[in-house]
file run_17.pdb (PDB, C-alpha atoms)
MODEL        1
ATOM      1  CA  MET A   1     119.406  94.558  92.686
ATOM      2  CA  SER A   2     116.549  92.850  90.935
ATOM      3  CA  LEU A   3     115.711  93.428  87.275
ATOM      4  CA  ASN A   4     111.969  93.232  88.009
ATOM      5  CA  LEU A   5     112.229  95.949  90.639
ATOM      6  CA  PHE A   6     114.284  98.122  88.287
ATOM      7  CA  LEU A   7     111.637  97.747  85.541
ATOM      8  CA  ILE A   8     108.792  98.679  87.922
ATOM      9  CA  PHE A   9     110.632 101.794  89.130
ATOM     10  CA  LEU A  10     111.330 102.540  85.465
ATOM     11  CA  LEU A  11     107.580 102.253  84.723
ATOM     12  CA  ALA A  12     106.904 104.842  87.449
ATOM     13  CA  SER A  13     109.613 107.062  85.948
ATOM     14  CA  ALA A  14     108.121 106.591  82.478
ATOM     15  CA  ALA A  15     104.822 108.010  83.756
ATOM     16  CA  ALA A  16     106.711 111.071  85.001
ATOM     17  CA  ALA A  17     108.716 111.317  81.773
ATOM     18  CA  ALA A  18     105.558 111.079  79.654
ATOM     19  CA  THR A  19     104.411 114.440  81.042
ATOM     20  CA  GLY A  20     107.354 116.066  79.243
ATOM     21  CA  VAL A  21     106.209 114.603  75.928
ATOM     22  CA  ILE A  22     102.497 115.361  76.420
ATOM     23  CA  PHE A  23     102.820 118.861  77.931
ATOM     24  CA  ARG A  24     105.372 120.671  75.780
ATOM     25  CA  PRO A  25     106.896 124.077  76.587
ATOM     26  CA  GLY A  26     105.692 125.564  73.268
ATOM     27  CA  PRO A  27     105.334 129.269  72.406
ATOM     28  CA  TRP A  28     104.122 130.190  75.928
ATOM     29  CA  TYR A  29     107.426 129.093  77.493
ATOM     30  CA  ALA A  30     109.486 130.533  74.624
ATOM     31  CA  ALA A  31     107.961 133.990  75.201
ATOM     32  CA  LEU A  32     108.698 134.063  78.965
ATOM     33  CA  LYS A  33     111.515 136.246  80.302
ATOM     34  CA  LYS A  34     114.098 133.728  81.560
ATOM     35  CA  PRO A  35     117.311 134.108  83.571
ATOM     36  CA  GLY A  36     120.828 133.763  82.103
ATOM     37  CA  PHE A  37     121.332 130.334  83.727
ATOM     38  CA  THR A  38     118.368 128.825  81.817
ATOM     39  CA  PRO A  39     119.583 125.558  80.235
ATOM     40  CA  PRO A  40     118.979 125.156  76.477
ATOM     41  CA  ASN A  41     115.808 123.241  75.603
ATOM     42  CA  TRP A  42     117.689 120.127  74.440
ATOM     43  CA  ALA A  43     119.293 119.730  77.869
ATOM     44  CA  PHE A  44     115.994 119.004  79.634
ATOM     45  CA  PRO A  45     115.132 115.597  78.061
ATOM     46  CA  VAL A  46     118.800 114.570  78.280
ATOM     47  CA  ALA A  47     119.099 115.479  81.968
ATOM     48  CA  TRP A  48     115.749 113.927  82.902
ATOM     49  CA  SER A  49     116.501 110.672  81.052
ATOM     50  CA  VAL A  50     119.755 110.292  82.985
ATOM     51  CA  ILE A  51     118.059 111.244  86.276
ATOM     52  CA  TYR A  52     115.138 108.824  85.814
ATOM     53  CA  LEU A  53     117.500 105.956  84.945
ATOM     54  CA  LEU A  54     119.806 106.651  87.898
ATOM     55  CA  SER A  55     116.994 107.082  90.428
ATOM     56  CA  ALA A  56     115.176 103.926  89.241
ATOM     57  CA  PHE A  57     118.448 102.022  89.481
ATOM     58  CA  ALA A  58     119.156 103.418  92.957
ATOM     59  CA  ALA A  59     115.632 102.495  94.116
ATOM     60  CA  ALA A  60     116.035  98.930  92.803
ATOM     61  CA  ARG A  61     119.305  98.635  94.785
ATOM     62  CA  ILE A  62     117.659 100.002  97.939
ATOM     63  CA  ALA A  63     114.437  97.992  97.672
ATOM     64  CA  VAL A  64     116.173  94.692  98.495
ATOM     65  CA  LEU A  65     117.796  96.066 101.661
ATOM     66  CA  PRO A  66     116.190  95.683 105.098
ATOM     67  CA  GLY A  67     114.764  98.884 106.548
ATOM     68  CA  ALA A  68     114.168 100.516 103.155
ATOM     69  CA  GLY A  69     110.566 101.575 103.953
ATOM     70  CA  LEU A  70     111.297 105.266 104.575
ATOM     71  CA  ALA A  71     113.594 105.587 101.538
ATOM     72  CA  LEU A  72     110.989 103.960  99.264
ATOM     73  CA  ALA A  73     108.157 106.058 100.703
ATOM     74  CA  LEU A  74     110.181 109.170  99.821
ATOM     75  CA  TRP A  75     110.841 107.733  96.343
ATOM     76  CA  SER A  76     107.049 107.379  95.894
ATOM     77  CA  ALA A  77     106.447 110.953  97.001
ATOM     78  CA  GLN A  78     109.092 112.382  94.636
ATOM     79  CA  ILE A  79     107.801 110.507  91.584
ATOM     80  CA  ALA A  80     104.226 111.695  92.234
ATOM     81  CA  LEU A  81     105.318 115.334  92.767
ATOM     82  CA  ASN A  82     107.577 115.075  89.698
ATOM     83  CA  THR A  83     104.656 113.782  87.581
ATOM     84  CA  LEU A  84     102.477 116.625  88.874
ATOM     85  CA  TRP A  85     104.850 119.515  88.131
ATOM     86  CA  THR A  86     104.981 119.380  84.312
ATOM     87  CA  PRO A  87     101.203 119.448  83.599
ATOM     88  CA  VAL A  88     100.747 122.197  86.220
ATOM     89  CA  PHE A  89     103.535 124.371  84.780
ATOM     90  CA  PHE A  90     103.494 123.610  81.037
ATOM     91  CA  GLY A  91      99.888 122.406  80.774
ATOM     92  CA  ALA A  92      97.944 124.758  83.059
ATOM     93  CA  HIS A  93     100.566 127.597  83.030
ATOM     94  CA  ARG A  94     100.224 127.854  86.832
ATOM     95  CA  ILE A  95     103.684 129.300  87.620
ATOM     96  CA  ALA A  96     103.146 130.007  91.340
ATOM     97  CA  LEU A  97     101.577 126.609  91.975
ATOM     98  CA  GLY A  98     104.479 125.040  90.061
ATOM     99  CA  MET A  99     106.860 126.824  92.444
ATOM    100  CA  ALA A 100     105.066 125.320  95.465
ATOM    101  CA  ILE A 101     105.229 121.838  93.914
ATOM    102  CA  ILE A 102     108.901 122.050  92.909
ATOM    103  CA  GLY A 103     109.728 123.382  96.395
ATOM    104  CA  ALA A 104     108.046 120.365  97.976
ATOM    105  CA  LEU A 105     109.814 118.133  95.432
ATOM    106  CA  LEU A 106     113.218 119.616  96.274
ATOM    107  CA  VAL A 107     112.705 118.980 100.001
ATOM    108  CA  THR A 108     111.473 115.433  99.280
ATOM    109  CA  VAL A 109     114.438 114.597  97.021
ATOM    110  CA  ALA A 110     116.878 116.024  99.590
ATOM    111  CA  GLY A 111     115.311 113.805 102.257
ATOM    112  CA  MET A 112     115.315 110.838  99.886
ATOM    113  CA  THR A 113     119.025 111.335  99.113
ATOM    114  CA  LEU A 114     119.838 111.289 102.831
ATOM    115  CA  ALA A 115     117.678 108.184 103.400
ATOM    116  CA  PHE A 116     119.332 106.377 100.465
ATOM    117  CA  TRP A 117     122.806 107.468 101.601
ATOM    118  CA  ALA A 118     122.175 106.094 105.093
ATOM    119  CA  LEU A 119     121.290 102.659 103.656
ATOM    120  CA  ASP A 120     123.930 102.512 100.902
ATOM    121  CA  TRP A 121     126.127 105.505 100.087
ATOM    122  CA  ARG A 122     126.566 104.465  96.444
ATOM    123  CA  SER A 123     122.788 104.656  95.933
ATOM    124  CA  GLY A 124     122.762 108.064  97.617
ATOM    125  CA  LEU A 125     125.488 109.219  95.219
ATOM    126  CA  LEU A 126     123.346 108.174  92.244
ATOM    127  CA  LEU A 127     120.728 110.723  93.360
ATOM    128  CA  LEU A 128     123.049 113.730  93.414
ATOM    129  CA  PRO A 129     122.484 114.665  89.730
ATOM    130  CA  TYR A 130     118.730 114.757  90.498
ATOM    131  CA  LEU A 131     119.289 117.119  93.426
ATOM    132  CA  VAL A 132     121.560 119.421  91.398
ATOM    133  CA  TRP A 133     119.244 119.550  88.379
ATOM    134  CA  LEU A 134     116.219 120.136  90.587
ATOM    135  CA  GLY A 135     118.036 123.059  92.204
ATOM    136  CA  ILE A 136     118.484 124.586  88.731
ATOM    137  CA  ALA A 137     114.859 123.854  87.751
ATOM    138  CA  ALA A 138     113.517 125.342  90.991
ATOM    139  CA  GLY A 139     115.681 128.454  90.490
ATOM    140  CA  LEU A 140     114.343 128.736  86.935
ATOM    141  CA  ASN A 141     110.716 128.349  88.091
ATOM    142  CA  TRP A 142     111.379 131.000  90.757
ATOM    143  CA  ARG A 143     112.898 133.537  88.344
ATOM    144  CA  ILE A 144     110.131 132.959  85.782
ATOM    145  CA  TRP A 145     107.599 133.586  88.546
ATOM    146  CA  ARG A 146     109.359 136.790  89.674
ATOM    147  CA  ASP A 147     110.126 138.169  86.209
ATOM    148  CA  ASN A 148     106.849 137.438  84.414
ATOM    149  CA  PRO A 149     104.005 138.933  86.415
ATOM    150  CA  GLY A 150     100.706 138.129  84.740
ATOM    151  CA  ALA A 151     102.183 135.457  82.437
ATOM    152  CA  GLY A 152     100.664 132.530  84.339
ATOM    153  CA  ALA A 153      97.075 131.376  84.279
ATOM    154  CA  ALA A 154      94.912 132.699  87.104
ATOM    155  CA  PRO A 155      93.728 130.042  89.582
ATOM    156  CA  ARG A 156      90.436 128.619  88.371
TER     157      ARG A 156
ATOM    158  CA  MET B   1     102.755 101.173 111.103
ATOM    159  CA  SER B   2     104.678 104.402 111.432
ATOM    160  CA  LEU B   3     102.995 107.816 111.380
ATOM    161  CA  ASN B   4     105.915 109.324 109.437
ATOM    162  CA  LEU B   5     105.591 106.702 106.715
ATOM    163  CA  PHE B   6     101.829 107.253 106.541
ATOM    164  CA  LEU B   7     102.341 111.016 106.134
ATOM    165  CA  ILE B   8     104.893 110.544 103.336
ATOM    166  CA  PHE B   9     102.589 108.167 101.435
ATOM    167  CA  LEU B  10      99.816 110.701 102.048
ATOM    168  CA  LEU B  11     102.028 113.440 100.515
ATOM    169  CA  ALA B  12     102.431 111.277  97.406
ATOM    170  CA  SER B  13      98.665 110.743  97.337
ATOM    171  CA  ALA B  14      98.088 114.480  97.772
ATOM    172  CA  ALA B  15     100.100 115.102  94.597
ATOM    173  CA  ALA B  16      97.815 112.681  92.758
ATOM    174  CA  ALA B  17      94.699 114.190  94.367
ATOM    175  CA  ALA B  18      95.785 117.719  93.413
ATOM    176  CA  THR B  19      95.368 116.828  89.734
ATOM    177  CA  GLY B  20      91.628 116.479  90.360
ATOM    178  CA  VAL B  21      91.465 120.013  91.749
ATOM    179  CA  ILE B  22      93.694 121.601  89.081
ATOM    180  CA  PHE B  23      92.322 119.771  86.017
ATOM    181  CA  ARG B  24      88.526 119.919  86.361
ATOM    182  CA  PRO B  25      86.073 117.992  84.166
ATOM    183  CA  GLY B  26      84.280 121.219  83.110
ATOM    184  CA  PRO B  27      82.009 121.704  80.077
ATOM    185  CA  TRP B  28      84.110 119.388  77.866
ATOM    186  CA  TYR B  29      83.390 116.366  80.105
ATOM    187  CA  ALA B  30      79.757 117.414  80.661
ATOM    188  CA  ALA B  31      79.129 117.389  76.900
ATOM    189  CA  LEU B  32      80.552 113.874  76.327
ATOM    190  CA  LYS B  33      78.225 110.947  75.666
ATOM    191  CA  LYS B  34      78.597 108.755  78.785
ATOM    192  CA  PRO B  35      77.348 105.261  79.655
ATOM    193  CA  GLY B  36      74.497 104.536  82.105
ATOM    194  CA  PHE B  37      76.919 103.327  84.797
ATOM    195  CA  THR B  38      78.688 106.742  84.966
ATOM    196  CA  PRO B  39      78.905 107.735  88.652
ATOM    197  CA  PRO B  40      77.577 111.210  89.558
ATOM    198  CA  ASN B  41      80.255 113.929  89.691
ATOM    199  CA  TRP B  42      80.168 114.203  93.502
ATOM    200  CA  ALA B  43      81.137 110.526  93.850
ATOM    201  CA  PHE B  44      84.593 110.999  92.324
ATOM    202  CA  PRO B  45      86.218 113.166  95.036
ATOM    203  CA  VAL B  46      84.534 111.053  97.742
ATOM    204  CA  ALA B  47      85.752 107.756  96.271
ATOM    205  CA  TRP B  48      89.268 109.038  95.600
ATOM    206  CA  SER B  49      89.633 110.516  99.104
ATOM    207  CA  VAL B  50      88.736 107.150 100.630
ATOM    208  CA  ILE B  51      91.019 105.280  98.200
ATOM    209  CA  TYR B  52      94.028 107.572  98.784
ATOM    210  CA  LEU B  53      93.641 107.293 102.568
ATOM    211  CA  LEU B  54      93.283 103.497 102.501
ATOM    212  CA  SER B  55      96.174 102.934 100.083
ATOM    213  CA  ALA B  56      98.508 105.293 102.006
ATOM    214  CA  PHE B  57      97.570 103.485 105.226
ATOM    215  CA  ALA B  58      98.129 100.071 103.617
ATOM    216  CA  ALA B  59     101.534 101.198 102.273
ATOM    217  CA  ALA B  60     102.579 102.455 105.718
ATOM    218  CA  ARG B  61     101.660  99.046 107.188
ATOM    219  CA  ILE B  62     103.585  97.206 104.480
ATOM    220  CA  ALA B  63     106.674  99.453 104.514
ATOM    221  CA  VAL B  64     107.807  98.193 107.925
ATOM    222  CA  LEU B  65     107.636  94.523 106.898
ATOM    223  CA  PRO B  66     110.674  92.635 105.568
ATOM    224  CA  GLY B  67     110.543  91.867 101.853
ATOM    225  CA  ALA B  68     108.270  94.805 101.007
ATOM    226  CA  GLY B  69     110.429  96.023  98.077
ATOM    227  CA  LEU B  70     108.215  94.694  95.289
ATOM    228  CA  ALA B  71     104.983  95.861  96.930
ATOM    229  CA  LEU B  72     106.397  99.367  97.457
ATOM    230  CA  ALA B  73     107.807  99.530  93.917
ATOM    231  CA  LEU B  74     104.298  98.770  92.622
ATOM    232  CA  TRP B  75     102.884 101.424  94.964
ATOM    233  CA  SER B  76     105.302 103.954  93.398
ATOM    234  CA  ALA B  77     104.270 102.967  89.887
ATOM    235  CA  GLN B  78     100.541 103.264  90.633
ATOM    236  CA  ILE B  79     100.839 106.720  92.240
ATOM    237  CA  ALA B  80     102.831 108.049  89.254
ATOM    238  CA  LEU B  81     100.362 106.577  86.705
ATOM    239  CA  ASN B  82      97.463 107.871  88.813
ATOM    240  CA  THR B  83      98.973 111.386  88.861
ATOM    241  CA  LEU B  84      99.472 111.215  85.085
ATOM    242  CA  TRP B  85      95.926 110.168  84.121
ATOM    243  CA  THR B  86      93.940 113.255  85.208
ATOM    244  CA  PRO B  87      95.977 115.939  83.363
ATOM    245  CA  VAL B  88      96.102 113.725  80.247
ATOM    246  CA  PHE B  89      92.335 113.104  80.247
ATOM    247  CA  PHE B  90      90.847 116.280  81.743
ATOM    248  CA  GLY B  91      93.722 118.661  80.929
ATOM    249  CA  ALA B  92      94.850 117.592  77.451
ATOM    250  CA  HIS B  93      91.563 115.825  76.471
ATOM    251  CA  ARG B  94      93.588 112.860  75.187
ATOM    252  CA  ILE B  95      90.954 110.114  75.596
ATOM    253  CA  ALA B  96      92.843 107.271  73.853
ATOM    254  CA  LEU B  97      96.084 108.018  75.688
ATOM    255  CA  GLY B  98      94.088 108.152  78.934
ATOM    256  CA  MET B  99      92.797 104.662  78.131
ATOM    257  CA  ALA B 100      96.350 103.350  77.727
ATOM    258  CA  ILE B 101      97.387 104.934  81.041
ATOM    259  CA  ILE B 102      94.369 103.696  83.008
ATOM    260  CA  GLY B 103      94.893 100.198  81.514
ATOM    261  CA  ALA B 104      98.490 100.194  82.743
ATOM    262  CA  LEU B 105      97.274 101.558  86.098
ATOM    263  CA  LEU B 106      94.671  98.793  86.447
ATOM    264  CA  VAL B 107      97.289  96.091  85.818
ATOM    265  CA  THR B 108      99.687  97.770  88.264
ATOM    266  CA  VAL B 109      97.062  98.073  91.023
ATOM    267  CA  ALA B 110      96.018  94.428  90.515
ATOM    268  CA  GLY B 111      99.662  93.368  90.888
ATOM    269  CA  MET B 112     100.082  95.657  93.894
ATOM    270  CA  THR B 113      96.998  94.180  95.594
ATOM    271  CA  LEU B 114      98.418  90.668  95.172
ATOM    272  CA  ALA B 115     101.845  91.751  96.466
ATOM    273  CA  PHE B 116     100.268  93.465  99.499
ATOM    274  CA  TRP B 117      97.999  90.462 100.136
ATOM    275  CA  ALA B 118     100.981  88.099 100.112
ATOM    276  CA  LEU B 119     102.724  90.157 102.820
ATOM    277  CA  ASP B 120      99.667  90.985 104.953
ATOM    278  CA  TRP B 121      96.154  90.083 103.836
ATOM    279  CA  ARG B 122      94.558  92.955 105.773
ATOM    280  CA  SER B 123      96.623  95.448 103.787
ATOM    281  CA  GLY B 124      95.620  93.698 100.569
ATOM    282  CA  LEU B 125      91.975  94.001 101.599
ATOM    283  CA  LEU B 126      92.405  97.771 102.050
ATOM    284  CA  LEU B 127      93.257  98.028  98.343
ATOM    285  CA  LEU B 128      90.088  96.341  97.060
ATOM    286  CA  PRO B 129      88.029  99.585  96.865
ATOM    287  CA  TYR B 130      90.813 101.025  94.670
ATOM    288  CA  LEU B 131      90.650  98.035  92.322
ATOM    289  CA  VAL B 132      86.841  98.175  92.082
ATOM    290  CA  TRP B 133      86.702 101.940  91.492
ATOM    291  CA  LEU B 134      89.491 101.725  88.919
ATOM    292  CA  GLY B 135      87.513  99.056  87.074
ATOM    293  CA  ILE B 136      84.563 101.480  86.868
ATOM    294  CA  ALA B 137      86.831 104.395  85.833
ATOM    295  CA  ALA B 138      88.539 102.307  83.147
ATOM    296  CA  GLY B 139      85.148 101.156  81.824
ATOM    297  CA  LEU B 140      84.016 104.784  81.744
ATOM    298  CA  ASN B 141      87.168 105.905  79.903
ATOM    299  CA  TRP B 142      86.658 103.029  77.425
ATOM    300  CA  ARG B 143      82.996 103.888  76.707
ATOM    301  CA  ILE B 144      83.794 107.601  76.364
ATOM    302  CA  TRP B 145      86.520 106.672  73.886
ATOM    303  CA  ARG B 146      84.185 104.396  71.891
ATOM    304  CA  ASP B 147      81.102 106.653  71.963
ATOM    305  CA  ASN B 148      82.714 110.041  71.313
ATOM    306  CA  PRO B 149      84.765 109.812  68.124
ATOM    307  CA  GLY B 150      86.467 113.134  67.498
ATOM    308  CA  ALA B 151      85.813 114.513  71.004
ATOM    309  CA  GLY B 152      89.414 114.136  72.170
ATOM    310  CA  ALA B 153      92.353 116.328  71.275
ATOM    311  CA  ALA B 154      94.509 115.080  68.418
ATOM    312  CA  PRO B 155      98.018 113.969  69.419
ATOM    313  CA  ARG B 156     100.356 116.945  69.220
TER     314      ARG B 156
ENDMDL
END

call {"tool": "encode", "arguments": {"input": "run_17.pdb", "output": "structure tokens"}}
result
Amino acid sequence: MSLNLFLIFLLASAAAAATGVIFRPGPWYAALKKPGFTPPNWAFPVAWSVIYLLSAFAAARIAVLPGAGLALALWSAQIALNTLWTPVFFGAHRIALGMAIIGALLVTVAGMTLAFWALDWRSGLLLLPYLVWLGIAAGLNWRIWRDNPGAGAAPR
Amino acid sequence: MSLNLFLIFLLASAAAAATGVIFRPGPWYAALKKPGFTPPNWAFPVAWSVIYLLSAFAAARIAVLPGAGLALALWSAQIALNTLWTPVFFGAHRIALGMAIIGALLVTVAGMTLAFWALDWRSGLLLLPYLVWLGIAAGLNWRIWRDNPGAGAAPR
């Protein structure tokens, strides 16, 4: 583990986290029909803060190991997809496109967890909260898509 | 170089590229006062396509080398910051915040180019178009900020 590496992965995570501050749920999200398992609003920043810290820490552990190329490539892909989802969903109100992105993100994070686990099982373990939370978020995006026809913005 | 690695870095780049399709410049950008060195609109997708391909290819070359942790951490940070900039600037019309993000991105890409160069100078060379184009984009963001007081959205 190197502190410099941890701080760089944290910078990447900060870019993803910033989307949650810049593109707020607001009245549009509040008015959507949401399923019973929808977490309360306060849970989102708490969960994401924990997830970003754990995944940056796991990446910093992995990055010093030989053969970490695949695991770090998957880490790059998840942080870019993660940064993309919030402005698409909360900024552009593109619910169906958000579903496609969060689906790709879920597959990427599942692959990343396996790649981390194979190199160092403790680092893989640190990614499990991400996988669980993303499962909930993807289910939420799915139900919002299904239960709110016409609530999203039309493709431009 | 591994094809799988290239495709994963390309997936990350596709997430960043998607922001340019989803958050279009539109009439807001057209109406801004812009400096004489502003590239024509068609140049942006062309330049970014070349840059994303070259930087994904460079990352795939680097990812198989020993000691690539720092270079790949910087690659992660640049793709997240890159994905963040477009929705902030073209989606939320936050010109000053865009300037802060593109400044951080420029520093990150400069550091990444050095880190790539140190491992494999050919891969470092592949990143030079990115650095040059980013210099132009940052200069453009700066001049738009300076020359269009009141054109951006207020912080929410």

call {"tool": "resolve_selection", "arguments": {"input": "run_17.pdb", "expression": "the ChimeraX specification (/B :<7) & /A", "output": "short mmCIF file (atom, residue, chain, number, x, y, z; two decimals) with C-alpha atoms, in the frame of the given file"}}
result
data_model
loop_
_atom_site.label_atom_id
_atom_site.label_comp_id
_atom_site.auth_asym_id
_atom_site.auth_seq_id
_atom_site.Cartn_x
_atom_site.Cartn_y
_atom_site.Cartn_z
CA LEU A 5 112.23 95.95 90.64
CA ILE A 8 108.79 98.68 87.92
CA PHE A 9 110.63 101.79 89.13
CA LEU A 11 107.58 102.25 84.72
CA ALA A 12 106.90 104.84 87.45
CA ALA A 15 104.82 108.01 83.76
CA ALA A 16 106.71 111.07 85.00
CA ALA A 63 114.44 97.99 97.67
CA VAL A 64 116.17 94.69 98.50
CA PRO A 66 116.19 95.68 105.10
CA GLY A 69 110.57 101.58 103.95
CA LEU A 70 111.30 105.27 104.58
CA LEU A 72 110.99 103.96 99.26
CA ALA A 73 108.16 106.06 100.70
CA LEU A 74 110.18 109.17 99.82
CA SER A 76 107.05 107.38 95.89
CA ALA A 77 106.45 110.95 97.00
CA ILE A 79 107.80 110.51 91.58
CA ALA A 80 104.23 111.70 92.23
CA LEU A 81 105.32 115.33 92.77
CA THR A 83 104.66 113.78 87.58
CA LEU A 84 102.48 116.62 88.87
CA PRO A 87 101.20 119.45 83.60
#

call {"tool": "resolve_selection", "arguments": {"input": "run_17.pdb", "expression": "the PyMOL selection byres ((chain B and resi 127) around 9)", "output": "PyMOL selection string"}}
result
chain B and resi 51+54-55+58+109+112-113+116+123-126+128-132

call {"tool": "closest_residue", "arguments": {"input": "run_17.pdb", "among": "B:Leu119, B:Val50, B:Ala100, B:Leu32", "to": "B:Ile144", "atoms": "only C-alpha atoms"}}
result
B:Leu32

call {"tool": "atom_distance", "arguments": {"input": "run_17.pdb", "atom1": "atom CA of B:Ala43", "atom2": "atom CA of B:Ala31"}}
result
18.4 Å

call {"tool": "resolve_selection", "arguments": {"input": "run_17.pdb", "expression": "the PyMOL selection byres ((chain B and resi 33-36) around 9)", "output": "PyMOL selection string"}}
result
chain B and resi 29-32+37-39+140+143-144+147-148

call {"tool": "write_last_selection", "arguments": {"input": "run_17.pdb", "atoms": "C-alpha atoms", "output": "PDB file, in the frame of the given file"}}
result
ATOM      1  CA  TYR B  29      83.390 116.366  80.105  1.00  0.00           C
ATOM      2  CA  ALA B  30      79.757 117.414  80.661  1.00  0.00           C
ATOM      3  CA  ALA B  31      79.129 117.389  76.900  1.00  0.00           C
ATOM      4  CA  LEU B  32      80.552 113.874  76.327  1.00  0.00           C
ATOM      5  CA  PHE B  37      76.919 103.327  84.797  1.00  0.00           C
ATOM      6  CA  THR B  38      78.688 106.742  84.966  1.00  0.00           C
ATOM      7  CA  PRO B  39      78.905 107.735  88.652  1.00  0.00           C
ATOM      8  CA  LEU B 140      84.016 104.784  81.744  1.00  0.00           C
ATOM      9  CA  ARG B 143      82.996 103.888  76.707  1.00  0.00           C
ATOM     10  CA  ILE B 144      83.794 107.601  76.364  1.00  0.00           C
ATOM     11  CA  ASP B 147      81.102 106.653  71.963  1.00  0.00           C
ATOM     12  CA  ASN B 148      82.714 110.041  71.313  1.00  0.00           C
TER      13      ASN B 148
END

call {"tool": "axis_aligned_box", "arguments": {"input": "run_17.pdb", "around": "stretch 58-64 of chain B", "padding_each_side": "6 Å", "output": "JSON"}}
result
{"center_x": 103.0, "center_y": 99.8, "center_z": 105.1, "size_x": 21.7, "size_y": 17.2, "size_z": 17.7}

call {"tool": "atom_distance", "arguments": {"input": "run_17.pdb", "atom1": "atom CA of A:Ala47", "atom2": "atom CA of A:Ala137"}}
result
11.0 Å

call {"tool": "atom_distance", "arguments": {"input": "run_17.pdb", "atom1": "atom CA of B:Leu106", "atom2": "atom CA of B:Gly135"}}
result
7.2 Å

call {"tool": "closest_residue", "arguments": {"input": "run_17.pdb", "among": "B:Trp142, B:Trp28, B:Phe57, B:Trp42", "to": "B:Ala96", "atoms": "all atoms listed in the file"}}
result
B:Trp142

call {"tool": "decode", "arguments": {"input": "run_17.pdb", "residues": "stretch 67-72 of chain B", "atoms": "all heavy atoms", "output": "short mmCIF file (atom, residue, chain, number, x, y, z; two decimals), in the first residue's frame"}}
result
data_model
loop_
_atom_site.label_atom_id
_atom_site.label_comp_id
_atom_site.auth_asym_id
_atom_site.auth_seq_id
_atom_site.Cartn_x
_atom_site.Cartn_y
_atom_site.Cartn_z
N GLY B 67 5.46 -2.59 -12.27
CA GLY B 67 5.58 -1.24 -11.71
C GLY B 67 4.66 -0.22 -12.35
O GLY B 67 4.92 0.98 -12.31
N ALA B 68 3.54 -0.69 -12.94
CA ALA B 68 2.64 0.22 -13.65
C ALA B 68 1.56 0.81 -12.74
O ALA B 68 0.69 1.54 -13.22
CB ALA B 68 1.99 -0.51 -14.82
N GLY B 69 1.61 0.51 -11.43
CA GLY B 69 0.55 0.95 -10.52
C GLY B 69 0.27 2.44 -10.56
O GLY B 69 -0.88 2.87 -10.71
N LEU B 70 1.32 3.24 -10.44
CA LEU B 70 1.15 4.70 -10.42
C LEU B 70 0.57 5.20 -11.74
O LEU B 70 -0.37 6.01 -11.76
CB LEU B 70 2.50 5.38 -10.14
CG LEU B 70 2.48 6.90 -10.17
CD1 LEU B 70 1.65 7.47 -9.02
CD2 LEU B 70 3.92 7.47 -10.10
N ALA B 71 1.12 4.72 -12.85
CA ALA B 71 0.65 5.15 -14.17
C ALA B 71 -0.83 4.81 -14.36
O ALA B 71 -1.61 5.62 -14.88
CB ALA B 71 1.49 4.48 -15.27
N LEU B 72 -1.24 3.62 -13.89
CA LEU B 72 -2.64 3.21 -14.07
C LEU B 72 -3.56 3.92 -13.09
O LEU B 72 -4.73 4.19 -13.41
CB LEU B 72 -2.76 1.69 -13.93
CG LEU B 72 -2.05 0.90 -15.03
CD1 LEU B 72 -2.17 -0.60 -14.76
CD2 LEU B 72 -2.61 1.24 -16.42
#
